[in-house]
>>> print(open('entry_36.tsv').read())   # TSV, C-alpha atoms
chain	number	residue	atom	x	y	z
A	1	MET	CA	88.11	128.86	-29.55
A	2	LYS	CA	91.13	128.25	-27.34
A	3	LYS	CA	92.32	124.67	-27.12
A	4	LEU	CA	94.04	122.99	-24.19
A	5	ALA	CA	97.81	123.11	-24.78
A	6	LEU	CA	99.02	121.34	-21.66
A	7	ALA	CA	102.14	119.42	-22.77
A	8	PRO	CA	100.76	118.37	-26.18
A	9	TRP	CA	103.73	116.04	-26.74
A	10	LEU	CA	102.78	113.94	-23.72
A	11	THR	CA	99.69	112.25	-25.21
A	12	PRO	CA	101.41	110.72	-28.29
A	13	THR	CA	104.48	109.85	-26.18
A	14	LEU	CA	102.29	107.88	-23.76
A	15	GLY	CA	100.50	106.20	-26.68
A	16	TYR	CA	103.70	105.08	-28.45
A	17	SER	CA	105.35	104.00	-25.17
A	18	SER	CA	102.40	101.85	-24.16
A	19	VAL	CA	102.20	100.17	-27.58
A	20	GLY	CA	105.99	99.59	-27.55
A	21	ILE	CA	106.01	98.07	-24.06
A	22	ILE	CA	102.97	95.88	-24.79
A	23	LEU	CA	104.66	94.61	-27.99
A	24	ILE	CA	107.84	93.74	-26.03
A	25	ALA	CA	105.63	92.01	-23.42
A	26	LEU	CA	103.98	89.99	-26.21
A	27	PHE	CA	107.41	89.05	-27.60
A	28	PHE	CA	108.41	87.57	-24.21
A	29	THR	CA	105.00	85.95	-23.80
A	30	PHE	CA	104.98	84.30	-27.21
A	31	THR	CA	108.61	83.11	-27.11
A	32	ALA	CA	108.33	81.58	-23.62
A	33	PRO	CA	108.17	77.76	-23.43
A	34	PRO	CA	104.79	76.22	-22.55
A	35	ASP	CA	103.70	75.83	-18.94
A	36	VAL	CA	103.75	72.21	-17.71
A	37	LEU	CA	100.08	72.28	-16.65
A	38	GLN	CA	98.49	75.04	-18.73
A	39	GLY	CA	100.54	74.74	-21.90
A	40	TYR	CA	100.29	77.86	-24.06
A	41	LEU	CA	97.12	79.05	-22.29
A	42	THR	CA	99.32	81.19	-20.01
A	43	ARG	CA	99.69	83.49	-23.04
A	44	ILE	CA	96.20	84.82	-22.29
A	45	LEU	CA	97.23	85.89	-18.77
A	46	PRO	CA	99.14	89.11	-19.59
A	47	ILE	CA	96.07	90.47	-21.39
A	48	HIS	CA	93.55	89.13	-18.85
A	49	VAL	CA	95.42	90.31	-15.74
A	50	GLY	CA	96.52	93.54	-17.46
A	51	SER	CA	92.94	94.45	-18.37
A	52	SER	CA	91.66	93.50	-14.90
A	53	TRP	CA	94.31	95.71	-13.29
A	54	LEU	CA	93.43	98.54	-15.65
A	55	ALA	CA	89.73	98.22	-14.77
A	56	TYR	CA	90.57	98.39	-11.04
A	57	LEU	CA	92.80	101.42	-11.63
A	58	SER	CA	90.16	103.14	-13.77
A	59	PHE	CA	87.30	102.63	-11.30
A	60	GLY	CA	89.46	103.56	-8.30
A	61	LEU	CA	90.64	106.77	-9.96
A	62	ALA	CA	87.13	107.54	-11.26
A	63	ALA	CA	86.03	107.64	-7.62
A	64	ALA	CA	89.01	109.85	-6.69
A	65	PHE	CA	88.19	112.24	-9.57
A	66	GLY	CA	84.54	112.27	-8.49
A	67	LEU	CA	85.58	113.17	-4.96
A	68	ALA	CA	87.87	115.92	-6.32
A	69	TYR	CA	84.87	117.29	-8.25
A	70	LEU	CA	82.63	117.29	-5.16
A	71	ILE	CA	85.30	119.21	-3.22
A	72	THR	CA	86.37	121.71	-5.90
A	73	ARG	CA	83.28	121.82	-8.20
A	74	ASN	CA	85.71	122.04	-11.10
A	75	HIS	CA	84.30	120.24	-14.17
A	76	HIS	CA	87.78	119.15	-15.18
A	77	TRP	CA	87.54	116.40	-12.52
A	78	ASP	CA	84.13	115.31	-13.75
A	79	ARG	CA	85.47	114.91	-17.28
A	80	LEU	CA	88.37	112.82	-15.97
A	81	SER	CA	85.92	110.72	-13.94
A	82	LEU	CA	83.84	110.10	-17.08
A	83	ALA	CA	86.98	109.21	-19.09
A	84	SER	CA	88.23	106.86	-16.38
A	85	THR	CA	84.86	105.10	-16.02
A	86	GLU	CA	84.55	104.62	-19.77
A	87	ILE	CA	88.06	103.13	-20.00
A	88	GLY	CA	87.27	100.89	-17.02
A	89	VAL	CA	84.14	99.56	-18.73
A	90	VAL	CA	86.06	98.71	-21.92
A	91	PHE	CA	88.78	96.88	-19.99
A	92	ILE	CA	86.47	95.03	-17.62
A	93	ILE	CA	84.64	93.65	-20.69
A	94	LEU	CA	88.03	92.57	-22.09
A	95	SER	CA	88.87	90.97	-18.75
A	96	LEU	CA	85.59	89.02	-18.74
A	97	PHE	CA	86.05	87.79	-22.33
A	98	THR	CA	89.67	86.72	-21.90
A	99	GLY	CA	88.87	85.18	-18.51
A	100	ALA	CA	86.06	83.12	-20.05
A	101	LEU	CA	88.37	81.94	-22.85
A	102	TRP	CA	90.99	80.93	-20.28
A	103	GLY	CA	88.38	79.35	-18.00
A	104	ARG	CA	86.82	77.00	-20.55
A	105	PRO	CA	89.92	74.80	-21.02
A	106	THR	CA	91.12	75.25	-17.43
A	107	TRP	CA	87.91	74.95	-15.41
A	108	GLY	CA	85.71	73.28	-18.02
A	109	ALA	CA	83.27	76.23	-18.20
A	110	TYR	CA	83.23	79.67	-19.80
A	111	TRP	CA	81.17	81.07	-16.96
A	112	THR	CA	79.70	80.12	-13.62
A	113	TRP	CA	77.47	82.25	-11.41
A	114	GLY	CA	78.67	80.29	-8.40
A	115	ASP	CA	82.06	81.99	-8.47
A	116	ALA	CA	82.45	85.13	-6.36
A	117	ARG	CA	85.10	86.82	-8.57
A	118	LEU	CA	83.12	86.30	-11.78
A	119	THR	CA	79.81	87.39	-10.27
A	120	THR	CA	81.20	90.52	-8.60
A	121	THR	CA	82.97	91.45	-11.86
A	122	ALA	CA	79.70	91.14	-13.80
A	123	LEU	CA	77.95	93.26	-11.14
A	124	MET	CA	80.64	95.94	-11.36
A	125	LEU	CA	80.26	96.05	-15.14
A	126	MET	CA	76.48	96.51	-14.82
A	127	VAL	CA	76.84	99.25	-12.18
A	128	TYR	CA	79.33	101.25	-14.28
A	129	ILE	CA	77.31	100.85	-17.48
A	130	GLY	CA	74.36	102.10	-15.43
A	131	MET	CA	76.42	105.09	-14.29
A	132	LEU	CA	77.25	106.01	-17.90
A	133	MET	CA	73.57	105.67	-18.85
A	134	VAL	CA	72.51	107.90	-15.95
A	135	ARG	CA	75.04	110.52	-17.11
A	136	GLY	CA	73.47	110.44	-20.55
A	137	MET	CA	70.01	111.07	-19.12
A	138	ILE	CA	70.86	114.23	-17.13
A	139	GLU	CA	70.99	117.47	-19.14
A	140	ASP	CA	72.19	119.86	-16.45
A	141	SER	CA	76.00	119.57	-16.31
A	142	GLY	CA	76.30	120.41	-12.59
A	143	ARG	CA	73.68	117.87	-11.55
A	144	ARG	CA	75.15	115.28	-13.93
A	145	ALA	CA	78.60	115.72	-12.42
A	146	ARG	CA	77.30	115.53	-8.84
A	147	VAL	CA	75.19	112.43	-9.42
A	148	SER	CA	77.93	110.55	-11.29
A	149	ALA	CA	80.55	111.52	-8.70
A	150	VAL	CA	78.38	110.03	-5.93
A	151	ILE	CA	77.65	106.86	-7.96
A	152	GLY	CA	81.37	106.54	-8.83
A	153	ILE	CA	82.42	106.82	-5.19
A	154	VAL	CA	79.81	104.34	-3.95
A	155	ALA	CA	80.47	101.89	-6.81
A	156	SER	CA	84.22	101.91	-6.16
A	157	VAL	CA	83.54	99.80	-3.05
A	158	GLY	CA	83.24	96.97	-5.58
A	159	VAL	CA	86.96	97.15	-6.42
A	160	PRO	CA	88.36	95.86	-3.09
A	161	ILE	CA	85.44	93.42	-2.74
A	162	ASN	CA	86.19	92.05	-6.21
A	163	TYR	CA	89.93	91.77	-5.47
A	164	MET	CA	89.43	90.10	-2.08
A	165	SER	CA	86.61	87.80	-3.28
A	166	VAL	CA	89.11	85.02	-4.10
A	167	TYR	CA	90.33	85.05	-0.48
A	168	TRP	CA	86.98	85.61	1.27
A	169	TRP	CA	84.84	83.07	-0.59
A	170	SER	CA	87.42	80.58	-1.96
A	171	THR	CA	85.25	79.59	-4.94
A	172	LEU	CA	86.48	78.59	-8.43
A	173	HIS	CA	88.74	81.54	-9.34
A	174	GLN	CA	92.29	81.12	-8.08
A	175	THR	CA	94.19	83.65	-5.95
A	176	PRO	CA	96.41	86.20	-7.81
A	177	THR	CA	98.83	84.73	-10.37
A	178	VAL	CA	101.69	86.83	-9.02
A	179	SER	CA	101.68	88.17	-5.46
A	180	ILE	CA	104.46	90.47	-4.26
A	181	ALA	CA	103.03	90.49	-0.70
A	182	GLU	CA	103.05	86.69	-0.53
A	183	ARG	CA	106.34	86.46	-2.51
A	184	ARG	CA	105.04	83.87	-4.94
A	185	SER	CA	104.31	83.41	-8.66
A	186	ALA	CA	102.20	80.75	-10.33
A	187	LEU	CA	104.10	81.33	-13.59
A	188	GLN	CA	106.73	78.65	-14.11
A	189	ASN	CA	109.24	80.33	-16.39
A	190	ASP	CA	110.97	83.70	-16.54
A	191	GLY	CA	109.86	84.55	-20.09
A	192	ILE	CA	106.16	84.50	-19.27
A	193	LEU	CA	106.78	86.30	-15.95
A	194	ILE	CA	108.69	89.12	-17.69
A	195	GLY	CA	105.95	89.35	-20.34
A	196	PHE	CA	103.33	89.45	-17.61
A	197	LEU	CA	105.05	92.26	-15.63
A	198	LEU	CA	105.80	94.28	-18.78
A	199	ALA	CA	102.16	93.94	-19.84
A	200	LEU	CA	101.07	95.39	-16.49
A	201	LEU	CA	103.41	98.36	-17.05
A	202	GLY	CA	102.25	98.78	-20.66
A	203	PHE	CA	98.58	98.69	-19.64
A	204	THR	CA	99.19	101.29	-16.93
A	205	ILE	CA	100.76	103.68	-19.46
A	206	LEU	CA	97.93	102.87	-21.89
A	207	TYR	CA	95.50	104.00	-19.19
A	208	ALA	CA	97.31	107.34	-18.83
A	209	TYR	CA	97.22	107.77	-22.62
A	210	LEU	CA	93.53	106.93	-22.97
A	211	LEU	CA	92.64	109.11	-19.97
A	212	ARG	CA	94.34	112.14	-21.52
A	213	LEU	CA	92.88	111.46	-24.95
A	214	ARG	CA	89.31	110.90	-23.71
A	215	GLY	CA	89.64	113.78	-21.24
A	216	GLN	CA	90.71	116.14	-24.03
A	217	LEU	CA	87.76	115.05	-26.19
A	218	ALA	CA	85.38	115.60	-23.26
A	219	ALA	CA	86.87	119.08	-22.67
A	220	GLN	CA	86.45	119.93	-26.36
A	221	GLN	CA	82.85	118.69	-26.23
A	222	ALA	CA	82.13	120.86	-23.16
A	223	ARG	CA	83.65	123.95	-24.83
A	224	LEU	CA	81.56	123.43	-27.96
A	225	GLU	CA	78.36	122.96	-25.94
A	226	GLU	CA	79.06	126.19	-24.07
A	227	HIS	CA	79.85	128.05	-27.29
A	228	GLU	CA	76.65	126.76	-28.90
A	229	LEU	CA	74.62	127.85	-25.89
A	230	ASN	CA	76.20	131.32	-26.01
A	231	LEU	CA	75.36	131.63	-29.71
A	232	GLU	CA	71.76	130.59	-29.05
A	233	LEU	CA	71.48	133.13	-26.23
A	234	LYS	CA	72.89	135.87	-28.46
A	235	GLY	CA	70.37	134.90	-31.13
A	236	VAL	CA	67.48	135.05	-28.64
A	237	LEU	CA	68.63	138.42	-27.28
A	238	ALA	CA	69.08	139.85	-30.83
A	239	HIS	CA	65.61	138.56	-31.74
A	240	ASP	CA	64.06	140.21	-28.64
B	241	MET	CA	93.54	69.44	-21.03
B	242	THR	CA	94.39	66.38	-23.06
B	243	GLU	CA	98.02	66.04	-21.97
B	244	LEU	CA	100.71	67.88	-20.06
B	245	GLY	CA	102.40	70.70	-21.91
B	246	SER	CA	101.49	71.90	-25.39
B	247	PRO	CA	100.58	72.00	-28.24
B	248	ASN	CA	97.07	70.77	-27.59
B	249	GLN	CA	93.51	71.40	-28.76
B	250	TRP	CA	92.94	74.34	-26.42
B	251	ASP	CA	95.74	76.55	-27.77
B	252	VAL	CA	93.30	78.04	-30.26
B	253	PHE	CA	91.67	79.84	-27.30
B	254	VAL	CA	94.80	81.99	-27.04
B	255	TYR	CA	94.16	83.32	-30.55
B	256	TRP	CA	90.46	83.83	-29.78
B	257	GLY	CA	91.58	85.87	-26.75
B	258	TYR	CA	93.89	88.07	-28.80
B	259	GLY	CA	91.32	88.39	-31.58
B	260	MET	CA	88.77	89.57	-29.02
B	261	THR	CA	91.29	92.06	-27.64
B	262	ILE	CA	91.96	93.52	-31.09
B	263	LEU	CA	88.22	93.74	-31.83
B	264	LEU	CA	87.35	95.44	-28.53
B	265	LEU	CA	90.25	97.91	-28.45
B	266	GLY	CA	89.79	98.55	-32.18
B	267	GLY	CA	86.13	99.29	-31.53
B	268	TYR	CA	86.95	101.75	-28.76
B	269	THR	CA	89.57	103.44	-30.96
B	270	TRP	CA	86.99	103.75	-33.74
B	271	TYR	CA	84.54	105.33	-31.26
B	272	LEU	CA	87.17	107.89	-30.18
B	273	VAL	CA	88.16	108.70	-33.78
B	274	ARG	CA	84.49	109.19	-34.73
B	275	MET	CA	83.92	111.43	-31.70
B	276	ASN	CA	86.96	113.53	-32.63
B	277	LYS	CA	85.71	113.86	-36.23
B	278	ARG	CA	82.20	114.82	-35.08
B	279	LEU	CA	83.57	117.46	-32.70
B	280	LYS	CA	85.73	118.98	-35.45
B	281	GLU	CA	82.69	119.19	-37.75
B	282	GLN	CA	80.64	120.77	-34.96
B	283	GLU	CA	83.42	123.31	-34.33
B	284	ARG	CA	83.50	124.24	-38.04
B	285	ASP	CA	79.70	124.68	-38.07
B	286	LEU	CA	79.82	126.92	-35.01
B	287	GLU	CA	82.60	129.05	-36.50
B	288	VAL	CA	80.47	129.56	-39.61
B	289	LYS	CA	77.45	130.51	-37.46
B	290	SER	CA	79.43	132.96	-35.34
>>> encode(input="entry_36.tsv", output="structure tokens")
Amino acid sequence: MKKLALAPWLTPTLGYSSVGIILIALFFTFTAPPDVLQGYLTRILPIHVGSSWLAYLSFGLAAAFGLAYLITRNHHWDRLSLASTEIGVVFIILSLFTGALWGRPTWGAYWTWGDARLTTTALMLMVYIGMLMVRGMIEDSGRRARVSAVIGIVASVGVPINYMSVYWWSTLHQTPTVSIAERRSALQNDGILIGFLLALLGFTILYAYLLRLRGQLAAQQARLEEHELNLELKGVLAHD
Amino acid sequence: MTELGSPNQWDVFVYWGYGMTILLLGGYTWYLVRMNKRLKEQERDLEVKS
């Protein structure tokens, strides 16, 4: 069977780069002096914000890949949509866990259903887990791709709602830690700010790496399923 | 928070956060490695059959 040979060096390069950049980000984060109000708790932020950003990116691109599938009917886009959704689910779980661990000392609670950001994040997680479950229940690959593309596009509405929830509802969760549009940063020293920005870059490259890796596995899986089906058909025809 | 600045009793949450990160990303890596292994085995089986 022929394997995909599209720039095979790119996948490990992305993997090593992301790990390298995240390690440098952690160096800056862990050598920065403590924040006056939050102490060393700011060390959670690069991971929490990085994983939240990655979840947004994953779900946004999953919708774009789904749309590309609906337009072209090329299964390559469906596989990328699946990969992106799966990565998004992993990182939104990480965002929820690290957020809860940061919230307990800062807000006095791991979780509160009264907060718009937390509740919409939990809803997004449930919707995307549901989408992956629906995929698993549909045998026909064309129908599976169509249904998940539509769910992915509709569910992506949750991304801007989730991001804007801190402005629209003004509940417990604070507005973004660093805002380029508003030209402000809640981080008090340069070390933690550099670590924070490098972590965002590292997580973005990690997304590209995981997307390629998971996409390649999905492509391999599709090829094997097709090959198996062909063998079965040959067997049936030979038997007849 | 007990007092301004650190160290304080809540710093341990930082390590819980990083521990959780390692567990979750390690788990996902394990899932991908297992999937890769399973696909390779399936490919070998199909080559034998064909």
>>> interface_residues(input="entry_36.tsv", of="chain B", to="chain A", cutoff="8 Å", atoms="all atoms listed in the file", output="ChimeraX atom specification")
/B:241,244-248,250-251,253-254,256-258,260-261,264-265,268,272,275-276,279,282-283,286,290
>>> atom_distance(input="entry_36.tsv", atom1="atom CA of A:Ser81", atom2="atom CA of A:Arg212")
11.4 Å
>>> axis_aligned_box(input="entry_36.tsv", around="stretch 258-261 of chain B", padding_each_side="5 Å", output="lines of an AutoDock Vina configuration file")
center_x = 91.3
center_y = 90.1
center_z = -29.6
size_x = 15.1
size_y = 14.0
size_z = 13.9
>>> atom_distance(input="entry_36.tsv", atom1="atom CA of A:Phe27", atom2="atom CA of A:Gly202")
13.0 Å
>>> residues_around(input="entry_36.tsv", residues="stretch 163-180 of chain A", least_positions_apart="3", cutoff="12 Å", atoms="all atoms listed in the file", output="NGL selection string")
:A and (42 or 45-46 or 48-50 or 52-53 or 55-57 or 99-100 or 102-103 or 106-121 or 124 or 156-160 or 183-188 or 192-194 or 196-197 or 200)
>>> atom_distance(input="entry_36.tsv", atom1="atom CA of A:Ser18", atom2="atom CA of A:Ile205")
5.3 Å
>>> residues_around(input="entry_36.tsv", residues="A:Ile71", least_positions_apart="6", cutoff="12 Å", atoms="all atoms listed in the file", output="VMD selection string")
chain A and resid 64 to 65 77 to 78 145 to 146 149 to 150
>>> decode(input="entry_36.tsv", residues="stretch 122-133 of chain A", atoms="N, CA and C atoms", output="compact mmCIF listing (two decimals), in the first residue's frame")
# COMPACT_ATOMS: atom_id res chain seq x y z
N ALA A 122 -17.78 24.05 29.61
CA ALA A 122 -18.28 22.69 29.88
C ALA A 122 -19.25 22.24 28.79
N LEU A 123 -20.11 23.17 28.34
CA LEU A 123 -21.08 22.84 27.27
C LEU A 123 -20.35 22.50 25.97
N MET A 124 -19.32 23.28 25.65
CA MET A 124 -18.55 23.01 24.43
C MET A 124 -17.91 21.63 24.50
N LEU A 125 -17.36 21.30 25.66
CA LEU A 125 -16.74 19.97 25.82
C LEU A 125 -17.76 18.87 25.55
N MET A 126 -18.97 19.03 26.14
CA MET A 126 -20.01 18.01 25.97
C MET A 126 -20.43 17.88 24.50
N VAL A 127 -20.58 19.02 23.83
CA VAL A 127 -21.00 19.01 22.42
C VAL A 127 -19.96 18.28 21.56
N TYR A 128 -18.68 18.59 21.78
CA TYR A 128 -17.64 17.97 20.93
C TYR A 128 -17.43 16.49 21.27
N ILE A 129 -17.60 16.12 22.54
CA ILE A 129 -17.54 14.69 22.87
C ILE A 129 -18.71 13.99 22.17
N GLY A 130 -19.87 14.65 22.19
CA GLY A 130 -21.05 14.12 21.50
C GLY A 130 -20.78 13.94 20.02
N MET A 131 -20.09 14.91 19.41
CA MET A 131 -19.78 14.83 17.98
C MET A 131 -18.89 13.61 17.70
N LEU A 132 -17.90 13.38 18.56
CA LEU A 132 -17.01 12.22 18.35
C LEU A 132 -17.78 10.92 18.52
N MET A 133 -18.74 10.91 19.47
CA MET A 133 -19.55 9.70 19.68
C MET A 133 -20.45 9.43 18.47
